[in-house]
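A.B. asks: work.txt (compact mmCIF, C-alpha atoms) pasted underneath:
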# COMPACT_ATOMS: atom_id res chain seq x y z
CA MET A 181 -25.94 -17.51 -22.50
CA ALA A 182 -24.21 -17.38 -19.14
CA ARG A 183 -20.47 -16.74 -19.28
CA VAL A 184 -18.29 -19.64 -18.06
CA LEU A 185 -15.75 -18.55 -15.45
CA ALA A 186 -12.13 -19.59 -15.80
CA MET A 187 -10.99 -22.53 -13.67
CA LYS A 188 -8.70 -22.24 -10.67
CA GLY A 189 -5.08 -22.19 -11.76
CA SER A 190 -5.90 -21.22 -15.34
CA LYS A 191 -3.75 -18.62 -17.05
CA LYS A 192 -6.75 -16.37 -17.76
CA LEU A 193 -7.87 -16.31 -14.11
CA LEU A 194 -4.36 -15.80 -12.75
CA ASN A 195 -3.71 -12.92 -15.13
CA ALA A 196 -7.07 -11.30 -14.32
CA TRP A 197 -6.26 -11.40 -10.62
CA ALA A 198 -2.74 -10.04 -11.10
CA PHE A 199 -4.03 -7.29 -13.38
CA TYR A 200 -5.76 -5.57 -10.47
CA ASP A 201 -2.29 -4.61 -9.27
CA TRP A 202 -1.81 -2.88 -12.64
CA ALA A 203 -5.09 -1.03 -12.09
CA ASN A 204 -4.70 0.15 -8.50
CA SER A 205 -0.93 0.51 -8.03
CA VAL A 206 -1.06 3.92 -9.69
CA TYR A 207 -2.67 5.11 -6.47
CA SER A 208 0.21 3.96 -4.26
CA LEU A 209 2.77 5.52 -6.60
CA VAL A 210 1.21 8.77 -7.80
CA ILE A 211 -0.93 9.62 -4.75
CA SER A 212 0.85 8.04 -1.78
CA SER A 213 4.47 8.19 -2.87
CA ALA A 214 5.17 10.75 -5.56
CA VAL A 215 2.94 13.57 -6.75
CA PHE A 216 0.57 14.17 -3.83
CA PRO A 217 3.28 14.63 -1.13
CA ILE A 218 5.02 17.14 -3.42
CA PHE A 219 1.72 18.87 -4.21
CA TYR A 220 0.82 18.98 -0.51
CA GLY A 221 4.13 20.58 0.45
CA ALA A 222 3.94 23.04 -2.45
CA LEU A 223 0.51 24.29 -1.33
CA PHE A 224 1.91 25.35 2.02
CA ARG A 225 5.12 26.79 0.57
CA VAL A 226 3.19 28.90 -1.95
CA ALA A 227 0.89 30.15 0.82
CA GLU A 228 4.01 30.76 2.98
CA ILE A 229 2.47 29.03 5.98
CA GLU A 230 3.40 25.95 7.99
CA LYS A 231 0.23 25.57 10.06
CA VAL A 232 -3.49 25.60 9.43
CA THR A 233 -6.43 25.94 11.78
CA VAL A 234 -8.27 22.66 11.54
CA PHE A 235 -10.09 20.35 13.93
CA GLY A 236 -10.24 23.12 16.55
CA GLY A 237 -6.56 23.95 16.67
CA GLU A 238 -3.44 24.93 14.75
CA ILE A 239 -1.64 21.95 13.24
CA ALA A 240 1.54 21.92 11.17
CA ARG A 241 1.31 20.38 7.72
CA ALA A 242 3.43 17.29 8.40
CA PRO A 243 1.62 16.17 11.58
CA LEU A 244 -1.76 16.97 9.97
CA ILE A 245 -1.33 14.56 7.07
CA SER A 246 0.24 12.00 9.42
CA TYR A 247 -2.76 12.13 11.77
CA VAL A 248 -5.24 11.78 8.89
CA THR A 249 -3.23 8.83 7.56
CA SER A 250 -3.21 7.11 10.94
CA LEU A 251 -6.94 7.71 11.37
CA ALA A 252 -7.60 6.26 7.91
CA PHE A 253 -5.73 3.08 8.79
CA VAL A 254 -7.67 2.76 12.05
CA PHE A 255 -10.83 2.96 9.96
CA ILE A 256 -9.44 0.42 7.48
CA ALA A 257 -8.58 -1.99 10.28
CA LEU A 258 -12.16 -1.75 11.54
CA VAL A 259 -14.01 -1.93 8.23
CA THR A 260 -12.01 -4.80 6.71
CA PRO A 261 -13.43 -7.47 9.06
CA LEU A 262 -16.93 -6.03 8.63
CA VAL A 263 -16.64 -6.45 4.89
CA SER A 264 -15.11 -9.90 5.38
CA GLY A 265 -18.01 -11.10 7.51
CA ILE A 266 -20.69 -9.85 5.14
CA ALA A 267 -18.85 -11.15 2.06
CA ASP A 268 -18.56 -14.62 3.57
CA TYR A 269 -22.28 -14.88 4.22
CA ILE A 270 -23.59 -13.48 0.96
CA GLY A 271 -20.92 -15.33 -1.03
CA ASN A 272 -20.01 -12.24 -3.04
CA LYS A 273 -16.80 -10.45 -2.17
CA LYS A 274 -16.43 -9.12 -5.72
CA ILE A 275 -19.19 -6.58 -5.09
CA PHE A 276 -17.12 -5.13 -2.23
CA LEU A 277 -14.00 -5.18 -4.39
CA LYS A 278 -15.87 -3.04 -6.90
CA PHE A 279 -17.32 -0.68 -4.27
CA PHE A 280 -13.99 0.14 -2.64
CA CYS A 281 -12.27 0.36 -6.01
CA TYR A 282 -14.75 3.01 -7.14
CA LEU A 283 -14.66 4.78 -3.76
CA GLY A 284 -10.89 5.10 -3.96
CA ALA A 285 -10.83 6.11 -7.61
CA LEU A 286 -13.50 8.80 -7.23
CA SER A 287 -11.72 10.13 -4.14
CA CYS A 288 -8.55 10.50 -6.21
CA ILE A 289 -10.48 12.53 -8.75
CA GLY A 290 -11.83 14.62 -5.87
CA LEU A 291 -8.26 15.58 -4.89
CA TYR A 292 -8.34 17.93 -7.88
CA TRP A 293 -10.19 20.35 -5.59
CA PHE A 294 -7.76 19.96 -2.67
CA SER A 295 -6.72 23.39 -1.37
CA ILE A 296 -5.96 25.08 1.92
CA GLU A 297 -9.29 26.91 1.63
CA ASN A 298 -11.10 23.58 1.10
CA ILE A 299 -8.92 21.69 3.56
CA TYR A 300 -11.73 19.57 5.01
CA PHE A 301 -12.98 18.39 1.63
CA GLY A 302 -9.43 17.69 0.52
CA LEU A 303 -8.62 15.67 3.62
CA ILE A 304 -11.85 13.68 3.23
CA CYS A 305 -10.85 12.76 -0.33
CA TYR A 306 -7.37 11.84 0.86
CA PHE A 307 -8.90 9.76 3.67
CA PHE A 308 -11.27 7.78 1.43
CA GLY A 309 -8.62 7.37 -1.25
CA LEU A 310 -6.56 5.48 1.34
CA VAL A 311 -9.60 3.49 2.46
CA GLY A 312 -10.59 2.54 -1.09
CA PHE A 313 -7.10 1.45 -2.04
CA TRP A 314 -6.27 -0.63 1.03
CA VAL A 315 -9.64 -2.33 1.52
CA SER A 316 -9.91 -3.29 -2.16
CA PHE A 317 -6.30 -4.45 -2.04
CA ALA A 318 -7.11 -6.64 0.95
CA ILE A 319 -10.11 -8.18 -0.79
CA ASN A 320 -8.05 -8.87 -3.90
CA ASN A 321 -5.36 -10.50 -1.74
CA SER A 322 -7.95 -12.85 -0.27
CA TYR A 323 -8.59 -14.26 -3.75
CA LEU A 324 -5.02 -15.61 -4.04
CA PRO A 325 -5.62 -19.12 -2.62
CA ASP A 326 -8.95 -19.22 -4.47
CA ILE A 327 -7.46 -18.65 -7.91
CA ALA A 328 -3.98 -20.21 -7.62
CA PHE A 329 -2.60 -23.54 -6.41
CA PRO A 330 0.22 -23.41 -3.79
CA ASP A 331 2.99 -23.94 -6.35
CA GLN A 332 1.64 -21.02 -8.42
CA GLN A 333 1.25 -18.49 -5.62
CA ASP A 334 4.81 -17.12 -5.34
CA GLY A 335 5.03 -16.57 -9.07
CA ILE A 336 1.63 -14.97 -9.60
CA SER A 337 2.01 -12.80 -6.48
CA ALA A 338 5.32 -11.49 -7.82
CA LYS A 339 3.76 -11.03 -11.27
CA GLY A 340 0.99 -8.94 -9.73
CA PHE A 341 3.45 -6.61 -8.03
CA SER A 342 5.56 -6.41 -11.20
CA LEU A 343 2.50 -5.49 -13.27
CA GLY A 344 1.67 -2.87 -10.68
CA TYR A 345 5.13 -1.34 -10.91
CA ILE A 346 5.07 -1.30 -14.72
CA GLY A 347 1.60 0.25 -14.94
CA SER A 348 2.26 2.85 -12.27
CA VAL A 349 5.58 3.82 -13.87
CA ILE A 350 3.86 4.38 -17.22
CA LEU A 351 1.33 6.73 -15.65
CA LEU A 352 3.94 8.46 -13.49
CA VAL A 353 6.09 9.18 -16.55
CA PHE A 354 3.06 10.76 -18.20
CA ASN A 355 2.32 12.79 -15.06
CA LEU A 356 5.97 13.77 -14.76
CA ALA A 357 5.88 15.10 -18.32
CA MET A 358 2.78 17.17 -17.47
CA VAL A 359 4.35 18.61 -14.32
CA MET A 360 7.73 19.41 -15.88
CA GLN A 361 6.42 20.62 -19.27
CA PRO A 362 2.85 21.84 -18.64
CA ASP A 363 2.91 24.14 -21.69
CA THR A 364 3.28 21.10 -23.95
CA PHE A 365 -0.07 19.84 -22.65
CA GLY A 366 -1.76 23.23 -22.88
CA ILE A 367 -1.62 23.76 -19.11
CA THR A 368 -0.85 27.36 -18.18
CA ASP A 369 -0.91 29.61 -15.13
CA SER A 370 -4.42 30.81 -14.36
CA GLY A 371 -6.39 32.20 -11.46
CA GLY A 372 -3.22 32.70 -9.44
CA GLU A 373 -2.41 28.98 -9.70
CA ALA A 374 0.90 27.86 -11.19
CA ALA A 375 0.78 25.54 -14.19
CA GLU A 376 2.86 22.93 -12.33
CA ILE A 377 0.32 22.80 -9.49
CA LYS A 378 -2.56 22.48 -11.95
CA ALA A 379 -0.71 19.65 -13.73
CA MET A 380 -0.41 17.82 -10.42
CA LYS A 381 -4.16 18.14 -9.96
CA TYR A 382 -4.75 16.66 -13.41
CA SER A 383 -2.53 13.75 -12.40
CA PHE A 384 -4.97 12.95 -9.57
CA ILE A 385 -7.79 12.70 -12.12
CA SER A 386 -5.66 10.43 -14.30
CA VAL A 387 -5.19 8.04 -11.38
CA GLY A 388 -8.93 7.71 -10.78
CA VAL A 389 -9.70 7.16 -14.46
CA TRP A 390 -6.87 4.61 -14.87
CA TRP A 391 -7.97 2.71 -11.75
CA ILE A 392 -11.61 2.42 -12.85
CA LEU A 393 -10.81 1.62 -16.48
CA PHE A 394 -8.27 -1.18 -16.00
CA SER A 395 -10.03 -2.85 -13.05
CA GLN A 396 -12.82 -3.92 -15.41
CA TYR A 397 -10.74 -6.83 -16.75
CA THR A 398 -10.32 -8.17 -13.21
CA PHE A 399 -14.01 -7.72 -12.41
CA ARG A 400 -14.98 -9.61 -15.55
CA HIS A 401 -13.09 -12.80 -14.72
CA LEU A 402 -12.87 -13.10 -10.93
CA PRO A 403 -15.50 -15.33 -9.27
CA LYS A 404 -17.90 -13.84 -6.75
CA GLY A 405 -16.45 -15.88 -3.90
CA TYR A 406 -17.49 -18.70 -1.59
CA LYS A 407 -20.81 -18.60 0.22
CA ARG A 408 -20.67 -19.60 3.87
CA GLU A 409 -23.01 -22.40 4.84
CA GLY A 410 -25.23 -22.44 7.90
CA GLU A 411 -27.52 -20.03 9.70
CA ARG A 412 -26.95 -16.34 9.09
CA LYS A 413 -27.00 -14.31 12.28
CA ASN A 414 -25.35 -11.02 13.19
CA ILE A 415 -23.85 -10.71 9.74
CA VAL A 416 -22.44 -7.22 10.40
CA LEU A 417 -20.45 -8.32 13.45
CA ASN A 418 -19.60 -11.71 12.03
CA GLY A 419 -16.32 -10.44 10.60
CA PHE A 420 -15.00 -9.74 14.09
CA ARG A 421 -16.17 -13.17 15.21
CA GLU A 422 -14.32 -14.61 12.25
CA LEU A 423 -11.15 -12.79 13.33
CA ARG A 424 -11.55 -14.28 16.80
CA SER A 425 -12.10 -17.67 15.20
CA VAL A 426 -8.96 -17.27 13.10
CA TRP A 427 -7.01 -16.24 16.20
CA ALA A 428 -8.25 -19.35 18.00
CA GLU A 429 -7.30 -21.54 15.06
CA LEU A 430 -3.80 -20.08 15.06
CA GLY A 431 -3.26 -21.91 18.35
CA ASN A 432 -3.10 -25.11 16.30
CA GLN A 433 -1.06 -23.54 13.50
CA THR A 434 2.29 -22.80 15.15
CA LYS A 435 4.18 -21.97 11.96
CA LEU A 436 1.44 -19.64 10.71
CA LYS A 437 1.15 -17.91 14.09
CA ARG A 438 4.89 -17.33 14.37
CA TYR A 439 5.04 -16.08 10.80
CA LEU A 440 2.21 -13.61 11.44
CA GLY A 441 4.09 -12.25 14.45
CA ALA A 442 7.20 -11.70 12.37
CA PHE A 443 5.20 -10.19 9.51
CA PHE A 444 3.43 -7.79 11.88
CA VAL A 445 6.76 -6.41 13.12
CA TYR A 446 8.73 -6.03 9.90
CA SER A 447 5.70 -4.96 7.83
CA MET A 448 5.15 -2.16 10.34
CA ALA A 449 8.52 -0.76 9.33
CA VAL A 450 8.20 -1.45 5.58
CA GLN A 451 4.82 0.25 5.22
CA THR A 452 5.85 3.22 7.36
CA ILE A 453 8.94 3.78 5.21
CA MET A 454 6.87 3.61 2.05
CA LEU A 455 4.41 6.17 3.41
CA ILE A 456 6.97 8.69 4.68
CA ALA A 457 9.85 8.30 2.21
CA THR A 458 8.83 11.23 0.02
CA TYR A 459 8.11 13.48 3.02
CA PHE A 460 11.57 12.56 4.37
CA GLY A 461 13.18 13.39 1.04
CA GLU A 462 11.35 16.69 0.76
CA GLU A 463 12.48 17.92 4.19
CA GLU A 464 15.88 16.32 4.78
CA ILE A 465 17.60 16.37 1.37
CA GLN A 466 19.38 19.48 0.07
CA TRP A 467 17.69 19.82 -3.32
CA GLY A 468 18.32 23.48 -4.08
CA THR A 469 15.34 25.03 -5.88
CA ASP A 470 11.69 24.01 -5.66
CA SER A 471 11.82 22.81 -9.26
CA GLU A 472 14.85 20.62 -8.50
CA ARG A 473 13.05 19.24 -5.46
CA THR A 474 9.97 18.28 -7.48
CA THR A 475 12.00 16.70 -10.27
CA GLY A 476 14.35 14.90 -7.89
CA LEU A 477 11.62 13.38 -5.76
CA ILE A 478 9.59 12.13 -8.72
CA ILE A 479 12.71 10.67 -10.38
CA SER A 480 13.56 8.93 -7.09
CA ILE A 481 10.14 7.32 -6.83
CA LEU A 482 10.30 6.38 -10.51
CA LEU A 483 13.67 4.73 -9.92
CA ILE A 484 12.24 2.71 -7.04
CA GLN A 485 9.44 1.39 -9.23
CA ILE A 486 11.71 0.41 -12.12
CA VAL A 487 14.16 -1.44 -9.88
CA ALA A 488 11.28 -3.03 -7.94
CA ILE A 489 10.08 -4.82 -11.09
CA ALA A 490 13.31 -6.80 -11.17
CA GLY A 491 13.40 -7.04 -7.37
CA ALA A 492 10.03 -8.81 -7.12
CA THR A 493 11.00 -11.31 -9.83
CA LEU A 494 14.42 -12.03 -8.32
CA THR A 495 12.86 -12.52 -4.90
CA ALA A 496 10.42 -15.09 -6.29
CA LYS A 497 13.34 -16.99 -7.85
CA ALA A 498 15.34 -16.78 -4.61
CA SER A 499 12.42 -18.18 -2.63
CA THR A 500 12.25 -21.14 -5.02
CA ALA A 501 15.97 -21.82 -4.57
CA PHE A 502 16.39 -21.12 -0.85
CA GLY A 503 12.86 -21.13 0.63
CA ASN A 504 10.52 -18.30 1.59
CA ILE A 505 11.61 -17.80 5.19
CA LYS A 506 15.37 -17.75 4.48
CA THR A 507 14.79 -15.26 1.69
CA LEU A 508 12.69 -13.03 3.96
CA ILE A 509 15.43 -13.11 6.62
CA VAL A 510 18.01 -11.90 4.09
CA ILE A 511 15.67 -9.16 2.83
CA ASN A 512 15.05 -7.94 6.40
CA GLY A 513 18.80 -7.78 6.93
CA PHE A 514 19.10 -5.65 3.81
CA TRP A 515 16.43 -3.30 5.20
CA VAL A 516 18.44 -2.89 8.42
CA LEU A 517 21.43 -1.66 6.39
CA LEU A 518 19.16 0.67 4.41
CA CYS A 519 17.81 2.28 7.58
CA ILE A 520 21.35 2.95 8.79
CA TYR A 521 22.31 4.39 5.40
CA ALA A 522 19.22 6.64 5.40
CA TYR A 523 20.42 8.32 8.59
CA PHE A 524 23.39 9.79 6.69
CA LEU A 525 21.60 10.95 3.52
CA GLN A 526 22.35 14.55 2.55
CA THR A 527 22.60 15.08 -1.20
CA PRO A 528 20.24 14.22 -4.07
CA MET A 529 22.70 11.55 -5.25
CA ASP A 530 22.57 9.95 -1.78
CA PHE A 531 18.79 9.84 -2.08
CA TYR A 532 18.92 8.35 -5.60
CA ILE A 533 21.22 5.56 -4.39
CA ALA A 534 18.89 4.87 -1.46
CA ALA A 535 15.91 4.81 -3.83
CA GLY A 536 17.58 2.20 -6.03
CA LEU A 537 18.43 0.02 -3.03
CA VAL A 538 14.90 0.32 -1.64
CA GLY A 539 13.49 -0.74 -4.99
CA ILE A 540 15.44 -4.00 -4.87
CA VAL A 541 13.70 -5.17 -1.70
CA MET A 542 10.43 -3.21 -1.57
CA GLY A 543 8.45 -5.23 -4.08
CA GLY A 544 10.13 -8.47 -3.11
CA ILE A 545 9.22 -8.34 0.54
CA GLN A 546 5.58 -7.47 -0.20
CA ALA A 547 5.04 -10.14 -2.83
CA LEU A 548 6.84 -12.85 -0.85
CA SER A 549 5.06 -11.94 2.39
CA ARG A 550 1.67 -12.30 0.70
CA SER A 551 2.44 -15.64 -0.94
CA THR A 552 4.16 -17.06 2.17
CA TYR A 553 1.07 -16.36 4.24
CA SER A 554 -1.11 -17.99 1.61
CA LYS A 555 1.11 -21.10 1.63
CA PHE A 556 0.91 -21.46 5.40
CA LEU A 557 -2.90 -21.32 5.51
CA PRO A 558 -4.73 -24.50 6.57
CA ASP A 559 -7.04 -26.17 4.06
CA THR A 560 -10.12 -23.95 4.05
CA THR A 561 -12.54 -22.17 1.75
CA ASP A 562 -12.72 -19.29 4.25
CA THR A 563 -9.84 -17.41 2.68
CA THR A 564 -11.52 -14.02 3.15
CA SER A 565 -11.41 -14.26 6.96
CA PHE A 566 -7.79 -15.41 7.03
CA PHE A 567 -6.69 -12.62 4.70
CA SER A 568 -8.83 -10.18 6.64
CA PHE A 569 -6.82 -11.13 9.72
CA TYR A 570 -3.61 -10.67 7.72
CA ASP A 571 -4.65 -7.23 6.50
CA VAL A 572 -5.95 -6.06 9.87
CA ALA A 573 -2.59 -7.03 11.40
CA GLU A 574 -0.82 -5.06 8.67
CA LYS A 575 -2.99 -1.97 9.15
CA ILE A 576 -2.63 -1.96 12.94
CA GLY A 577 1.10 -2.18 12.33
CA ILE A 578 0.93 0.86 10.05
CA VAL A 579 -0.96 2.87 12.68
CA ILE A 580 1.64 1.97 15.31
CA GLY A 581 4.56 2.51 12.92
CA THR A 582 3.48 5.92 11.65
CA PHE A 583 2.62 7.08 15.17
CA LEU A 584 5.97 5.96 16.60
CA TYR A 585 7.85 7.43 13.65
CA GLY A 586 6.17 10.80 14.21
CA ALA A 587 6.68 10.62 17.97
CA VAL A 588 10.41 9.90 17.67
CA ALA A 589 10.80 12.67 15.09
CA GLN A 590 8.94 15.11 17.35
CA ILE A 591 10.89 14.17 20.48
CA THR A 592 14.33 14.20 18.83
CA GLY A 593 13.56 16.95 16.33
CA SER A 594 14.89 14.83 13.45
CA MET A 595 13.29 12.43 10.99
CA ARG A 596 16.71 10.79 10.67
CA ASP A 597 16.53 9.38 14.19
CA SER A 598 13.24 7.75 13.26
CA THR A 599 14.90 5.77 10.46
CA ILE A 600 17.27 4.15 12.95
CA PHE A 601 14.29 3.40 15.18
CA LEU A 602 12.54 1.63 12.28
CA GLY A 603 15.68 -0.41 11.66
CA LEU A 604 15.18 -2.04 15.06
CA PHE A 605 11.87 -3.49 13.86
CA PHE A 606 13.66 -5.26 11.01
CA VAL A 607 16.15 -6.71 13.51
CA ILE A 608 13.26 -8.04 15.61
CA GLY A 609 11.63 -9.34 12.42
CA ILE A 610 14.75 -11.37 11.63
CA VAL A 611 14.72 -12.95 15.09
CA LEU A 612 11.04 -13.83 14.78
CA LEU A 613 11.48 -15.26 11.26
CA MET A 614 14.23 -17.53 12.60
CA ARG A 615 11.69 -18.93 15.04
CA VAL A 616 9.38 -19.74 12.11
CA SER A 617 12.06 -21.83 10.39
CA LYS A 618 12.47 -23.93 13.54
CA VAL A 619 8.89 -25.20 13.29
CA LYS A 620 8.63 -28.55 11.52
CA SER A 621 6.24 -28.52 8.58
Could you rewrite the structure in this file as C-alpha cells?
C.D. replies:
Amino acid sequence: MARVLAMKGSKKLLNAWAFYDWANSVYSLVISSAVFPIFYGALFRVAEIEKVTVFGGEIARAPLISYVTSLAFVFIALVTPLVSGIADYIGNKKIFLKFFCYLGALSCIGLYWFSIENIYFGLICYFFGLVGFWVSFAINNSYLPDIAFPDQQDGISAKGFSLGYIGSVILLVFNLAMVMQPDTFGITDSGGEAAEIKAMKYSFISVGVWWILFSQYTFRHLPKGYKREGERKNIVLNGFRELRSVWAELGNQTKLKRYLGAFFVYSMAVQTIMLIATYFGEEEIQWGTDSERTTGLIISILLIQIVAIAGATLTAKASTAFGNIKTLIVINGFWVLLCIYAYFLQTPMDFYIAAGLVGIVMGGIQALSRSTYSKFLPDTTDTTSFFSFYDVAEKIGIVIGTFLYGAVAQITGSMRDSTIFLGLFFVIGIVLLMRVSKVKS
C-alpha cells in the first residue's frame, strides 16, 4: 500500500522539514566552525611549517583554505541553478537533496585521511563537504513555502535553526570529550600521531554518520516536489533561464527586490564572519598553550550554539511583535557593534564574551532572513527557482566577502582591520532594509 504523505501545514511535515537542520547542522559546527579549523592549524604547527607547495606554488595555510573555500562557493553558485532547473522539470527535488546530503556526509568521513602528505585528497574532501552541505541546505530551504503556510514560516524556520543548534551541540560535546580525554575513549598516540589529532579525525567520521542517519526522517516525509508543466527543452541550462526569469519578475516585486539587495549585503558579512571566526580566534587571541587554544576555541563555538538556540526563538517572537524588517534592522545594528568590539579582542575572556553576543544574533538573522524571503514571494509553485536565486545571491556574497576579508587582512597585515571593514556592510544593510519598509505591501 502506498504511503500517504502529510498535508501542507501539518505538524508531521513541518517537523520533518525542520529536522534536516538537526541532521546537517553538525557539519557547520564541527567541520566549518570548531574542530576542523583547529585540526587544520594543528597539522601545520606539528609539522612546523606555514606553507605548502600546492597548485604549482607555495601557499601559506590560511590563504590556502580561504582560496579553496571561495572556489567551493563559486562552484555552489553555479551548480545550484543547474539542480534547480532539472528538479523543476522532473518534479523531484528530493532526489537531489539526498544526493548532496550523501556527497557532503561521505566527504566529511573522507576528512579522516586529511594530511599534509595527502593535501590534494584532503582539500577535495573539504571542497565537496562544503558543496554537499550548502546545496542540500538550499534545496531544503526551497521546501519552506511548499510545506508551511505564511503564518507558520517564521516559527518553523526558527525551530529548524534551533533544532540544528541543539543537535550540533550534542555532537560537539561528544567530540570535545574525545579530543580532551582521548584515553577515556581508547584513543592513544600511534604512528607518530597525537591522540588529540586522531580524536579530531574520528569527529569527522561522526559528522558524516550523524548526517546520513538523521536525514532519513526528513527524506521519508518530504514530498518529491512540483513538476513543471510544458515542453521540456534544454533542461540542464534551464536553471539559469529560471534565474533570469526570477530576476525579470523582481521588476514587478519592488519589496522583494529591495529586500534581496539588503540581504545580499548583510548576509555577505554574516556568512564571512561565521566562516572565519575560529581562524580569527586561533591567530589573534592570546590563548597560551596549544591545549588551552583547542579547549578555548571549542568552548567558544559551543557557547555560540547554546546562546543561538534562545536567540533564534527570541527573534521569531520579536518579528511577530514588531515585524520582520524592523527586527532585522535592529539585529544588523547589533552586528555593527559586534564588529567594532571584535577589533579590540585580546584575551580568551574577551573572545568568550564576543561568542555569547554573536550567538544572540547569529541564528536569529539566518532564520528570520529565510522566512522573510519566503513571505515576500509571489504566489507560485516554482519555489525552487526563487530559492535558488536566494541561495545563489548568498553564495556570491560569500565569495565576495571572504575574498575582501582576505584582501584587507593581507594589505593591512591584520585580521582585526577586516572586522571593521565587515561592519560597514551591516551599516549598508540597515540603510537598504529601511528602503524595504518604505514599500507599501
A.B. asks: Take CA of Leu508 in chain A and CA of Leu548 in chain A and report the distance between them in Å, one decimal.
C.D. replies: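 Between these atoms lies a distance of 7.6 Å.
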A.B. asks: So that I can check the surroundings of Val450 in chain A, please list as a VMD selection string every protein, DNA and RNA residue that reaches within 9 Å of it, counting all atoms listed in the file and ignoring chain neighbours fewer than 4 positions away.
C.D. replies: chain A and resid 446 454 to 455 515 542 545 to 546 578 602 606
A.B. asks: Kindly give the distance, in Å, that separates CA of Phe566 in chain A and CA of Val426 in chain A, rounded to a single decimal.
C.D. replies: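 Computing it gives 6.5 Å between the two atoms.
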A.B. asks: Between A:Thr434, A:Leu356, A:Pro217, A:Asp571, single out the one closest to Ala457 in chain A, counting only C-alpha atoms.
C.D. replies: A:Pro217
A.B. asks: Go ahead and compute the interatomic distance for CA of Thr507 in chain A and CA of Ile540 in chain A, in Å to one decimal.
C.D. replies: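 Result for CA of Thr507 in chain A versus CA of Ile540 in chain A: 13.0 Å, one decimal.
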